[in-house]
file model_25.csv (CSV, C-alpha atoms and all ligand atoms)
chain,number,residue,atom,x,y,z
I,1,MET,CA,-22.9,-3.7,-36.1
I,2,ASN,CA,-21.1,-0.9,-38.0
I,3,THR,CA,-17.5,-0.9,-39.2
I,4,PRO,CA,-15.2,1.9,-37.8
I,5,ASP,CA,-16.0,4.1,-41.0
I,6,GLY,CA,-19.8,3.8,-40.3
I,7,GLY,CA,-20.6,1.3,-43.1
I,8,LYS,CA,-22.5,-1.9,-42.6
I,9,ALA,CA,-20.0,-4.6,-41.5
I,10,THR,CA,-19.6,-7.8,-43.4
I,11,TYR,CA,-19.5,-11.2,-41.7
I,12,GLU,CA,-15.8,-11.4,-42.2
I,13,GLN,CA,-15.3,-7.9,-40.7
I,14,LEU,CA,-17.4,-8.9,-37.7
I,15,LEU,CA,-15.2,-12.0,-37.1
I,16,ASP,CA,-12.1,-9.8,-37.3
I,17,MET,CA,-13.6,-7.3,-34.8
I,18,ASN,CA,-14.6,-10.1,-32.5
I,19,ALA,CA,-11.0,-11.5,-32.5
I,20,ALA,CA,-9.5,-8.1,-31.9
I,21,LEU,CA,-11.9,-7.6,-28.9
I,22,ARG,CA,-11.0,-11.1,-27.5
I,23,GLN,CA,-7.3,-10.2,-27.7
I,24,THR,CA,-7.9,-6.9,-25.9
I,25,ILE,CA,-9.9,-8.6,-23.2
I,26,ALA,CA,-7.1,-11.3,-22.8
I,27,GLN,CA,-4.5,-8.5,-22.5
I,28,GLN,CA,-6.5,-6.6,-19.9
I,29,THR,CA,-7.2,-9.7,-17.9
I,30,GLN,CA,-3.5,-10.4,-17.8
I,31,GLU,CA,-2.8,-6.8,-16.7
I,32,LEU,CA,-5.5,-7.1,-14.0
I,33,GLN,CA,-3.9,-10.3,-12.7
I,34,GLN,CA,-0.5,-8.6,-12.5
I,35,GLU,CA,-2.1,-5.8,-10.5
I,36,ARG,CA,-3.8,-8.4,-8.2
I,37,ASP,CA,-0.4,-10.1,-7.7
I,38,LYS,CA,1.1,-6.8,-6.7
I,39,CYS,CA,-1.7,-6.2,-4.2
I,40,ASP,CA,-1.2,-9.7,-2.8
I,41,ALA,CA,2.5,-9.2,-2.5
I,42,ILE,CA,1.9,-5.8,-0.6
I,43,ARG,CA,-0.7,-7.5,1.6
I,44,ASN,CA,1.5,-10.5,2.4
I,45,ARG,CA,4.4,-8.3,3.3
I,46,PHE,CA,2.3,-5.8,5.3
I,47,PRO,CA,2.8,-7.5,8.7
I,48,VAL,CA,6.5,-7.7,8.1
I,49,ASP,CA,6.7,-4.1,7.0
I,50,ALA,CA,4.5,-3.0,9.9
I,51,ALA,CA,6.7,-4.8,12.3
I,52,SER,CA,9.8,-3.2,10.8
I,53,TRP,CA,8.2,0.3,11.5
I,54,ARG,CA,8.2,-0.9,15.1
I,55,GLY,CA,11.9,-1.8,14.9
I,56,VAL,CA,11.3,-5.6,14.8
I,57,ASP,CA,13.1,-7.7,12.1
I,58,GLU,CA,11.2,-10.5,10.3
I,59,GLN,CA,13.2,-13.3,12.0
I,60,ASP,CA,12.5,-11.8,15.4
I,61,LEU,CA,8.7,-11.6,15.1
I,62,CYS,CA,6.7,-12.9,18.0
I,63,ALA,CA,4.9,-16.1,16.9
I,64,GLU,CA,2.0,-15.4,19.2
I,65,CYS,CA,0.9,-12.0,17.9
I,66,GLY,CA,2.9,-11.9,14.6
I,67,GLY,CA,4.7,-8.7,15.8
I,68,SER,CA,1.6,-6.6,16.5
I,69,GLY,CA,2.1,-6.8,20.2
I,70,THR,CA,-1.6,-7.3,20.7
I,71,LYS,CA,-3.8,-10.4,20.9
I,72,LEU,CA,-7.5,-11.2,20.8
I,73,TYR,CA,-8.5,-13.1,23.9
I,74,SER,CA,-11.6,-15.2,24.0
I,75,ASN,CA,-12.9,-13.6,27.2
I,76,THR,CA,-12.7,-10.3,29.1
I,77,SER,CA,-10.1,-11.5,31.7
I,78,THR,CA,-7.4,-11.4,28.9
I,79,TYR,CA,-3.9,-12.4,30.1
I,80,HIS,CA,-5.0,-12.9,33.7
I,81,TYR,CA,-6.2,-16.4,32.8
I,82,SER,CA,-9.0,-16.2,35.3
I,83,ALA,CA,-12.7,-16.4,34.6
I,84,GLY,CA,-14.1,-13.5,32.5
I,85,GLY,CA,-17.1,-12.4,30.6
I,86,GLN,CA,-17.8,-14.1,27.3
I,87,ALA,CA,-16.6,-11.4,24.9
I,88,MET,CA,-13.6,-11.3,22.6
I,89,THR,CA,-11.2,-8.7,24.0
I,90,LEU,CA,-8.1,-7.2,22.4
I,91,SER,CA,-5.3,-6.7,24.9
I,92,VAL,CA,-1.5,-6.9,25.2
I,93,CYS,CA,0.2,-10.1,23.9
I,94,ASP,CA,1.1,-12.4,26.8
I,95,LYS,CA,4.3,-13.7,25.1
I,96,CYS,CA,6.2,-10.5,24.0
I,97,TRP,CA,4.1,-8.1,26.3
I,98,GLY,CA,3.7,-5.7,23.4
I,99,SER,CA,7.2,-5.5,21.9
I,100,GLY,CA,6.4,-7.8,19.0
I,101,ASN,CA,9.9,-9.2,19.3
I,102,LYS,CA,10.2,-12.8,20.6
I,103,HIS,CA,13.8,-12.3,21.8
I,104,LYS,CA,13.1,-8.9,23.5
I,105,PRO,CA,9.8,-9.1,25.4
I,106,TRP,CA,8.8,-6.0,27.3
I,107,ARG,CA,8.1,-6.0,31.0
I,108,SER,CA,5.4,-8.5,31.8
I,109,TRP,CA,2.1,-6.8,32.6
I,110,LYS,CA,1.1,-9.9,34.6
I,111,LEU,CA,4.2,-9.6,36.7
I,112,ALA,CA,3.7,-5.9,37.1
I,113,ASP,CA,0.1,-6.5,38.3
I,114,GLN,CA,1.4,-9.1,40.8
I,115,GLN,CA,4.1,-6.6,42.0
I,116,ALA,CA,1.6,-3.9,42.3
I,117,GLN,CA,-0.6,-6.2,44.4
I,118,GLU,CA,2.5,-7.1,46.5
I,119,VAL,CA,3.3,-3.4,47.0
I,120,GLU,CA,-0.3,-2.8,48.1
I,121,ARG,CA,-0.1,-5.8,50.5
I,122,LEU,CA,3.2,-4.4,51.9
I,123,LYS,CA,1.8,-0.9,52.2
I,124,LYS,CA,-1.1,-2.3,54.2
I,125,GLU,CA,1.3,-4.4,56.4
I,126,VAL,CA,3.5,-1.3,57.1
I,127,ASN,CA,0.4,0.8,57.8
I,128,ASP,CA,-0.9,-1.8,60.2
I,129,GLU,CA,2.5,-1.9,61.9
I,130,VAL,CA,2.6,1.9,62.2
I,131,GLN,CA,-1.0,1.9,63.6
I,132,THR,CA,0.0,-0.7,66.2
I,133,SER,CA,3.1,1.2,67.1
I,134,LEU,CA,1.1,4.5,67.4
I,135,LYS,CA,-1.4,2.7,69.6
I,136,TYR,CA,1.5,1.4,71.8
I,137,LEU,CA,3.1,4.9,71.9
I,138,GLY,CA,-0.3,6.4,72.8
I,139,GLU,CA,-0.6,3.9,75.7
I,140,ARG,CA,3.0,4.6,76.7
I,141,ASN,CA,2.5,8.4,76.7
I,142,GLU,CA,-0.6,7.9,78.8
I,143,LYS,CA,1.4,5.9,81.3
I,144,ILE,CA,4.2,8.6,81.3
I,145,LYS,CA,1.5,11.3,81.8
I,146,GLN,CA,0.0,9.3,84.8
I,147,LEU,CA,3.5,8.9,86.3
I,148,THR,CA,4.3,12.6,85.8
I,149,ASP,CA,1.0,13.5,87.4
I,150,ALA,CA,1.8,11.2,90.3
I,151,GLN,CA,5.2,12.7,90.6
I,152,ALA,CA,3.7,16.2,90.7
I,153,THR,CA,1.2,15.1,93.4
I,154,MET,CA,4.1,13.6,95.4
I,155,ALA,CA,6.2,16.8,95.1
I,156,LYS,CA,3.2,18.8,96.2
I,157,GLN,CA,2.6,16.5,99.2
I,158,ALA,CA,6.3,16.7,100.0
I,159,ALA,CA,6.2,20.5,100.0
I,160,GLU,CA,3.1,20.4,102.3
I,161,LEU,CA,4.9,18.0,104.7
I,162,GLU,CA,8.0,20.3,104.6
I,163,ALA,CA,5.7,23.2,105.6
I,164,ILE,CA,4.1,21.1,108.4
I,165,ARG,CA,7.6,20.1,109.6
I,166,ASP,CA,8.6,23.7,109.8
I,167,THR,CA,5.5,24.5,111.8
I,168,VAL,CA,6.2,21.5,114.1
I,169,GLY,CA,9.8,22.8,114.5
I,170,GLU,CA,8.5,26.3,115.4
I,171,THR,CA,6.0,24.8,117.9
I,172,GLU,CA,8.7,22.6,119.4
I,173,PHE,CA,11.0,25.6,119.8
I,174,ALA,CA,8.2,27.6,121.4
I,175,LEU,CA,7.4,24.7,123.8
I,176,ARG,CA,11.1,24.4,124.8
I,177,GLN,CA,11.1,28.2,125.5
I,178,GLN,CA,8.0,27.8,127.7
I,179,VAL,CA,9.5,24.8,129.5
I,180,ALA,CA,12.7,26.8,130.1
I,181,ARG,CA,10.6,29.7,131.5
I,182,LEU,CA,8.7,27.2,133.6
I,183,ARG,CA,11.9,25.8,135.0
I,184,GLU,CA,13.1,29.4,135.8
I,185,CYS,CA,9.8,30.0,137.6
I,186,LEU,CA,10.1,26.7,139.5
I,187,VAL,CA,13.7,27.4,140.6
I,188,GLU,CA,12.5,30.9,141.7
I,189,TYR,CA,9.5,29.4,143.5
I,190,MET,CA,11.8,26.8,145.2
I,191,THR,CA,14.3,29.5,146.4
I,192,LEU,CA,11.4,31.5,147.8
I,193,ALA,CA,9.8,28.4,149.5
I,194,ASP,CA,13.2,27.5,150.9
I,195,LYS,CA,13.6,31.0,152.4
I,196,ILE,CA,10.1,30.8,153.9
I,197,CYS,CA,10.8,27.4,155.4
I,198,TYR,CA,14.0,28.6,156.8
I,199,ALA,CA,12.3,31.8,158.3
I,200,GLU,CA,9.0,30.2,159.3
I,201,PRO,CA,9.6,26.5,160.0
I,202,GLU,CA,6.0,26.1,161.5
I,203,TYR,CA,4.4,26.7,158.0
I,204,THR,CA,4.7,23.0,157.0
I,205,GLN,CA,2.7,23.6,153.8
I,206,TYR,CA,5.7,25.3,152.3
I,207,HIS,CA,7.8,22.1,152.7
I,208,THR,CA,5.2,20.2,150.7
I,209,MET,CA,5.2,23.0,148.0
I,210,LYS,CA,9.0,22.9,147.9
I,211,THR,CA,8.9,19.1,147.5
I,212,LYS,CA,6.3,19.3,144.7
I,213,ALA,CA,8.2,22.0,142.9
I,214,SER,CA,11.4,20.0,143.1
I,215,GLN,CA,9.6,17.0,141.6
I,216,ALA,CA,8.1,19.1,138.8
I,217,LEU,CA,11.6,20.5,138.0
I,218,ARG,CA,12.9,16.9,137.7
I,219,GLU,CA,10.0,16.0,135.4
I,220,THR,CA,10.6,19.0,133.1
I,221,GLY,CA,14.3,18.2,132.9
I,222,ALA,CA,13.5,14.8,131.4
I,301,ZN,ZN,3.6,-11.2,20.9

call {"tool": "encode", "arguments": {"input": "model_25.csv", "output": "structure tokens"}}
result
Amino acid sequence: MNTPDGGKATYEQLLDMNAALRQTIAQQTQELQQERDKCDAIRNRFPVDAASWRGVDEQDLCAECGGSGTKLYSNTSTYHYSAGGQAMTLSVCDKCWGSGNKHKPWRSWKLADQQAQEVERLKKEVNDEVQTSLKYLGERNEKIKQLTDAQATMAKQAAELEAIRDTVGETEFALRQQVARLRECLVEYMTLADKICYAEPEYTQYHTMKTKASQALRETGA
């Protein structure tokens, strides 16, 4: 080895250089350790700093997730606690529900899921109720239509009966007029027969005719 001025180093010089190098190495090792300590301090404080960026103080950190709001579950069913596939799955923390704050959990995802299911169940129930009501209304409308049709038929039949009654009335009136004329004829006939009987008493057939006419007149007067 050479000395710094390029000459051949003596044994003593080599020993001095070696000591100087050891001192430099010791100093640099110490500096390196200090840098490592700084890194460790930053790393150790990182979760706390990260949580503070989320607005969570160190004393409020969720013990379950350390303030991250997420959690690694051992299967795919995550916070549902039911059977799931065998795979590690990252999902929302089931203690703070994502807030990272043990005192201020966010709205429970599990509860929200249950409520959503309940809403679906109620929707189905209401829908079934509506369908039943619509069916009932349909049947009721059908009955009302049948009644309306029956009412229309009855009204039509009543009008027809009214027309028939009018016809019957007219016929009855005509019959009465005919009977009245018949009576007039019979009275005339009787008067005539009476005159003949008075004038010609030997024609006895006119007596019989007069009697028959009188009888007919009584019958038509009934
Ligand atoms: Zn948590």

call {"tool": "residues_near_ligand", "arguments": {"input": "model_25.csv", "ligand": "ligand ZN 301 (chain I)", "cutoff": "6 Å", "atoms": "only C-alpha atoms and all ligand atoms", "output": "list in words"}}
result
Cys62, Glu64, Cys65, Gly67, Gly69, Cys93, Lys95, Cys96 and Gly100 of chain I

call {"tool": "atom_distance", "arguments": {"input": "model_25.csv", "atom1": "atom CA of Ala41 of chain I", "atom2": "atom CA of Glu58 of chain I"}}
result
15.5 Å

call {"tool": "closest_atom_pairs", "arguments": {"input": "model_25.csv", "of": "segment 94-144 of chain I", "to": "segment 75-79 of chain I", "cutoff": "10 Å", "atoms": "only C-alpha atoms", "output": "Markdown table"}}
result
| residue | atom | partner | partner_atom | distance |
| --- | --- | --- | --- | --- |
| I:Asp94 | CA | I:Tyr79 | CA | 6.0 |
| I:Lys95 | CA | I:Tyr79 | CA | 9.7 |
| I:Trp97 | CA | I:Tyr79 | CA | 9.8 |
| I:Trp109 | CA | I:Tyr79 | CA | 8.6 |
| I:Lys110 | CA | I:Tyr79 | CA | 7.2 |

call {"tool": "atom_distance", "arguments": {"input": "model_25.csv", "atom1": "atom CA of Asp166 of chain I", "atom2": "atom CA of Gly221 of chain I"}}
result
24.4 Å

call {"tool": "atom_distance", "arguments": {"input": "model_25.csv", "atom1": "atom CA of Thr220 of chain I", "atom2": "atom CA of Glu200 of chain I"}}
result
28.5 Å

call {"tool": "closest_residue", "arguments": {"input": "model_25.csv", "among": "I:Val56, I:Cys185, I:Leu90, I:Leu122", "to": "Thr70 of chain I", "atoms": "all atoms listed in the file"}}
result
I:Leu90

call {"tool": "decode", "arguments": {"input": "model_25.csv", "residues": "segment 38-119 of chain I", "atoms": "C-alpha atoms", "output": "JSON list (two decimals), in the first residue's frame"}}
result
[["chain", "number", "residue", "atom", "x", "y", "z"],
["I", 38, "LYS", "CA", -35.12, 7.73, 12.48],
["I", 39, "CYS", "CA", -36.68, 5.35, 9.93],
["I", 40, "ASP", "CA", -37.99, 3.10, 12.72],
["I", 41, "ALA", "CA", -39.48, 6.11, 14.51],
["I", 42, "ILE", "CA", -41.22, 7.23, 11.29],
["I", 43, "ARG", "CA", -42.42, 3.67, 10.62],
["I", 44, "ASN", "CA", -43.70, 3.22, 14.18],
["I", 45, "ARG", "CA", -45.56, 6.50, 14.07],
["I", 46, "PHE", "CA", -46.95, 5.89, 10.61],
["I", 47, "PRO", "CA", -50.28, 4.25, 11.69],
["I", 48, "VAL", "CA", -50.86, 7.07, 14.17],
["I", 49, "ASP", "CA", -49.98, 9.73, 11.57],
["I", 50, "ALA", "CA", -52.13, 8.00, 8.95],
["I", 51, "ALA", "CA", -55.05, 7.87, 11.39],
["I", 52, "SER", "CA", -54.60, 11.56, 12.20],
["I", 53, "TRP", "CA", -54.94, 12.31, 8.45],
["I", 54, "ARG", "CA", -58.35, 10.56, 8.77],
["I", 55, "GLY", "CA", -59.22, 12.77, 11.77],
["I", 56, "VAL", "CA", -58.76, 10.05, 14.42],
["I", 57, "ASP", "CA", -56.69, 10.79, 17.53],
["I", 58, "GLU", "CA", -54.22, 8.20, 18.86],
["I", 59, "GLN", "CA", -56.28, 7.49, 22.00],
["I", 60, "ASP", "CA", -59.41, 6.87, 19.86],
["I", 61, "LEU", "CA", -57.88, 4.32, 17.47],
["I", 62, "CYS", "CA", -60.00, 1.22, 16.84],
["I", 63, "ALA", "CA", -58.27, -1.77, 18.45],
["I", 64, "GLU", "CA", -59.57, -4.13, 15.77],
["I", 65, "CYS", "CA", -58.16, -2.40, 12.67],
["I", 66, "GLY", "CA", -55.64, 0.01, 14.22],
["I", 67, "GLY", "CA", -57.50, 2.96, 12.69],
["I", 68, "SER", "CA", -57.30, 1.86, 9.04],
["I", 69, "GLY", "CA", -61.03, 1.07, 8.91],
["I", 70, "THR", "CA", -60.29, -2.12, 6.99],
["I", 71, "LYS", "CA", -59.68, -5.67, 8.09],
["I", 72, "LEU", "CA", -58.34, -8.84, 6.49],
["I", 73, "TYR", "CA", -60.89, -11.64, 6.87],
["I", 74, "SER", "CA", -59.93, -15.29, 6.66],
["I", 75, "ASN", "CA", -62.66, -16.08, 4.11],
["I", 76, "THR", "CA", -64.73, -14.39, 1.39],
["I", 77, "SER", "CA", -67.85, -13.98, 3.54],
["I", 78, "THR", "CA", -66.09, -11.14, 5.49],
["I", 79, "TYR", "CA", -68.28, -9.50, 8.18],
["I", 80, "HIS", "CA", -71.33, -11.65, 7.32],
["I", 81, "TYR", "CA", -69.88, -14.43, 9.54],
["I", 82, "SER", "CA", -71.36, -17.06, 7.28],
["I", 83, "ALA", "CA", -69.55, -19.73, 5.28],
["I", 84, "GLY", "CA", -67.35, -18.33, 2.53],
["I", 85, "GLY", "CA", -64.63, -19.37, 0.14],
["I", 86, "GLN", "CA", -61.18, -20.06, 1.53],
["I", 87, "ALA", "CA", -59.45, -16.79, 0.57],
["I", 88, "MET", "CA", -58.15, -13.90, 2.64],
["I", 89, "THR", "CA", -60.40, -10.93, 1.88],
["I", 90, "LEU", "CA", -59.91, -7.27, 2.72],
["I", 91, "SER", "CA", -63.18, -5.59, 3.74],
["I", 92, "VAL", "CA", -64.59, -3.04, 6.13],
["I", 93, "CYS", "CA", -63.71, -3.41, 9.87],
["I", 94, "ASP", "CA", -66.64, -4.97, 11.75],
["I", 95, "LYS", "CA", -66.00, -2.93, 14.91],
["I", 96, "CYS", "CA", -65.68, 0.70, 13.73],
["I", 97, "TRP", "CA", -67.31, 0.07, 10.29],
["I", 98, "GLY", "CA", -64.62, 2.08, 8.55],
["I", 99, "SER", "CA", -64.29, 5.15, 10.78],
["I", 100, "GLY", "CA", -61.12, 3.88, 12.53],
["I", 101, "ASN", "CA", -62.45, 5.53, 15.70],
["I", 102, "LYS", "CA", -63.54, 3.12, 18.49],
["I", 103, "HIS", "CA", -65.80, 5.80, 20.02],
["I", 104, "LYS", "CA", -67.46, 6.92, 16.78],
["I", 105, "PRO", "CA", -68.21, 3.88, 14.60],
["I", 106, "TRP", "CA", -69.79, 4.54, 11.25],
["I", 107, "ARG", "CA", -73.12, 3.04, 10.29],
["I", 108, "SER", "CA", -72.96, -0.76, 10.53],
["I", 109, "TRP", "CA", -72.73, -2.36, 7.08],
["I", 110, "LYS", "CA", -74.18, -5.54, 8.54],
["I", 111, "LEU", "CA", -77.19, -3.65, 9.93],
["I", 112, "ALA", "CA", -77.54, -1.79, 6.61],
["I", 113, "ASP", "CA", -77.56, -5.14, 4.77],
["I", 114, "GLN", "CA", -80.21, -6.49, 7.17],
["I", 115, "GLN", "CA", -82.30, -3.32, 6.73],
["I", 116, "ALA", "CA", -81.97, -3.56, 2.95],
["I", 117, "GLN", "CA", -83.19, -7.18, 3.15],
["I", 118, "GLU", "CA", -86.06, -6.05, 5.40],
["I", 119, "VAL", "CA", -86.96, -3.30, 2.91]]
